[in-house]
Amino acid sequence: MSEHIEYMKIPNCPEHVAIVMDGNGRWAAERGLPRTHGHHRGVERVREIVRAAPSLGVKILTIYAFSTENWHRPDHEVRVLMSLFRRFVVREVDDLETTGVRVRFIGQRERLPGNLRNLMAMMEARTAQCRDLTLQIALNYGARSELVDAVRVLAERVRAGDLDPDAITEAELGANLYTQGLPDPDLIIRTSGEKRLSNFLLWQSAYSEFAFIPECWPDFTAGLFATVLREAAGRERRFGMVKAT
Ligand code: IPE
Ligand code: IPE
Ligand code: MG
């Protein structure tokens, strides 16, 4: 139903919104269902939120789908998640391409199943020219490993004599993160009432606004998304300066 609702542009809408989609397991447990049922419902919400985002004024949407720590979950749950990610790519690629959504994945790909990696590459290639929304999907993502990877690249360049240590600036480090080329998130939303980052975008969140929402991810409707964006749009961001008069 909600897919047919036209959302109005929100004045001063945060342009880059990042979401920690949390609470799928609890949503299912509260209903006496297996945790994996919550993940299935969660994917449906992704579809709805991605559709609504550009009409509300969001230009970049980053979603946390699987952390480097999530490998420690039971094998069965990890397997279901990997198969849901594959299915998401197969089912959504046509629609995302026709609705102008450019997809890019961030995280370490090596540990992901080969068939999933191939699908991810296909989706990125198919949507590379799309411009209405950038959807950044954090899959096997950890902010600490992202920083370690960036530091390793810089260290190699110093060792090779291509980089002077004095030339390592904030911009240079940022340009070697997985998120290179995209601005930092203006707003980070976390559902399910938890108030932590869980190894998400540690560098990029230096000046992000935060919204912690009590609803679990499968209950995060496009209408609720619009309400959260509207509230955040009214906040004054000072970046260490004094209030503009
Ligand atoms: C978020 O929901 C989805 C992933 C981390 C993959 P959870 O699975 O963390 O749900 P809770 O937090 O256990 O309820
Ligand atoms: C963060 O949620 C990761 C994703 C939403 C993909 P978790 O449920 O894994 O985080 P913790 O364990 O509660 O901190
Ligand atoms: Mg969780």
# chains A, B, ... in the order shown; residues from 1 in each chain; ligands from 1

call {"tool": "select_by_dssp", "arguments": {"residues": "region 34-194 of chain A", "states": "alpha helix (DSSP H)", "output": "VMD selection string"}}
result
chain A and resid 35 to 56 75 to 98 114 to 127 143 to 159 170 to 174

call {"tool": "residues_around", "arguments": {"residues": "region 197-199 of chain A", "least_positions_apart": "4", "cutoff": "9 Å", "atoms": "only C-alpha atoms", "output": "ChimeraX atom specification"}}
result
/A:20,67-69,141-144,190

call {"tool": "write_last_selection", "arguments": {"atoms": "C-alpha atoms", "output": "compact mmCIF listing (two decimals), in the first residue's frame"}}
result
# COMPACT_ATOMS: atom_id res chain seq x y z
CA VAL A 20 21.21 0.95 11.74
CA SER A 67 28.40 -6.17 10.62
CA THR A 68 31.79 -7.85 10.89
CA GLU A 69 30.60 -9.00 14.34
CA TYR A 141 31.08 -3.77 7.35
CA GLY A 142 33.04 -2.76 10.43
CA ALA A 143 34.26 0.80 10.96
CA ARG A 144 37.40 -0.31 12.75
CA ARG A 190 18.90 3.52 14.85

call {"tool": "closest_residue", "arguments": {"among": "A:Pro214, A:Pro113, A:Gly161, A:Pro54", "to": "ligand 1", "atoms": "only C-alpha atoms and all ligand atoms"}}
result
A:Pro214

call {"tool": "residues_near_ligand", "arguments": {"ligand": "ligand 3", "cutoff": "12 Å", "atoms": "only C-alpha atoms and all ligand atoms", "output": "MDAnalysis selection string"}}
result
chainID A and resid 20:28 35 38:39 42 64:67 69:70 73 190:198 216:217

call {"tool": "select_by_dssp", "arguments": {"residues": "region 78-121 of chain A", "states": "strand (DSSP E or B)", "output": "ChimeraX atom specification"}}
result
/A:101-106

call {"tool": "residues_around", "arguments": {"residues": "Arg238 (chain A)", "least_positions_apart": "5", "cutoff": "10 Å", "atoms": "only C-alpha atoms", "output": "list in words"}}
result
Tyr207, Lys243 and Ala244 of chain A

call {"tool": "residues_around", "arguments": {"residues": "Asp149 (chain A)", "least_positions_apart": "5", "cutoff": "10 Å", "atoms": "only C-alpha atoms", "output": "PyMOL selection string"}}
result
chain A and resi 108+143-144+154-155+176-178

call {"tool": "write_last_selection", "arguments": {"atoms": "C-alpha atoms", "output": "short mmCIF file (atom, residue, chain, number, x, y, z; two decimals), in the first residue's frame"}}
result
data_model
loop_
_atom_site.label_atom_id
_atom_site.label_comp_id
_atom_site.auth_asym_id
_atom_site.auth_seq_id
_atom_site.Cartn_x
_atom_site.Cartn_y
_atom_site.Cartn_z
CA GLN A 108 35.03 -6.41 3.26
CA ALA A 143 34.26 0.80 10.96
CA ARG A 144 37.40 -0.31 12.75
CA LEU A 154 48.56 4.87 3.40
CA ALA A 155 51.43 3.01 5.10
CA ASN A 176 40.83 5.95 1.59
CA LEU A 177 37.74 4.79 3.46
CA TYR A 178 35.12 2.57 1.80
#

call {"tool": "closest_residue", "arguments": {"among": "A:Ala150, A:Ala18, A:Leu133, A:Val50", "to": "ligand 2", "atoms": "only C-alpha atoms and all ligand atoms"}}
result
A:Ala18

call {"tool": "closest_residue", "arguments": {"among": "A:Arg159, A:Glu215, A:Arg91, A:Leu202", "to": "Gly174 (chain A)", "atoms": "only C-alpha atoms"}}
result
A:Leu202

call {"tool": "residues_around", "arguments": {"residues": "Ile63 (chain A)", "least_positions_apart": "4", "cutoff": "6 Å", "atoms": "only C-alpha atoms", "output": "JSON, numbers by chain"}}
result
{"A": [18, 19, 137, 138]}

call {"tool": "closest_residue", "arguments": {"among": "A:Lys59, A:His72, A:Arg126, A:Arg237", "to": "ligand 2", "atoms": "only C-alpha atoms and all ligand atoms"}}
result
A:His72
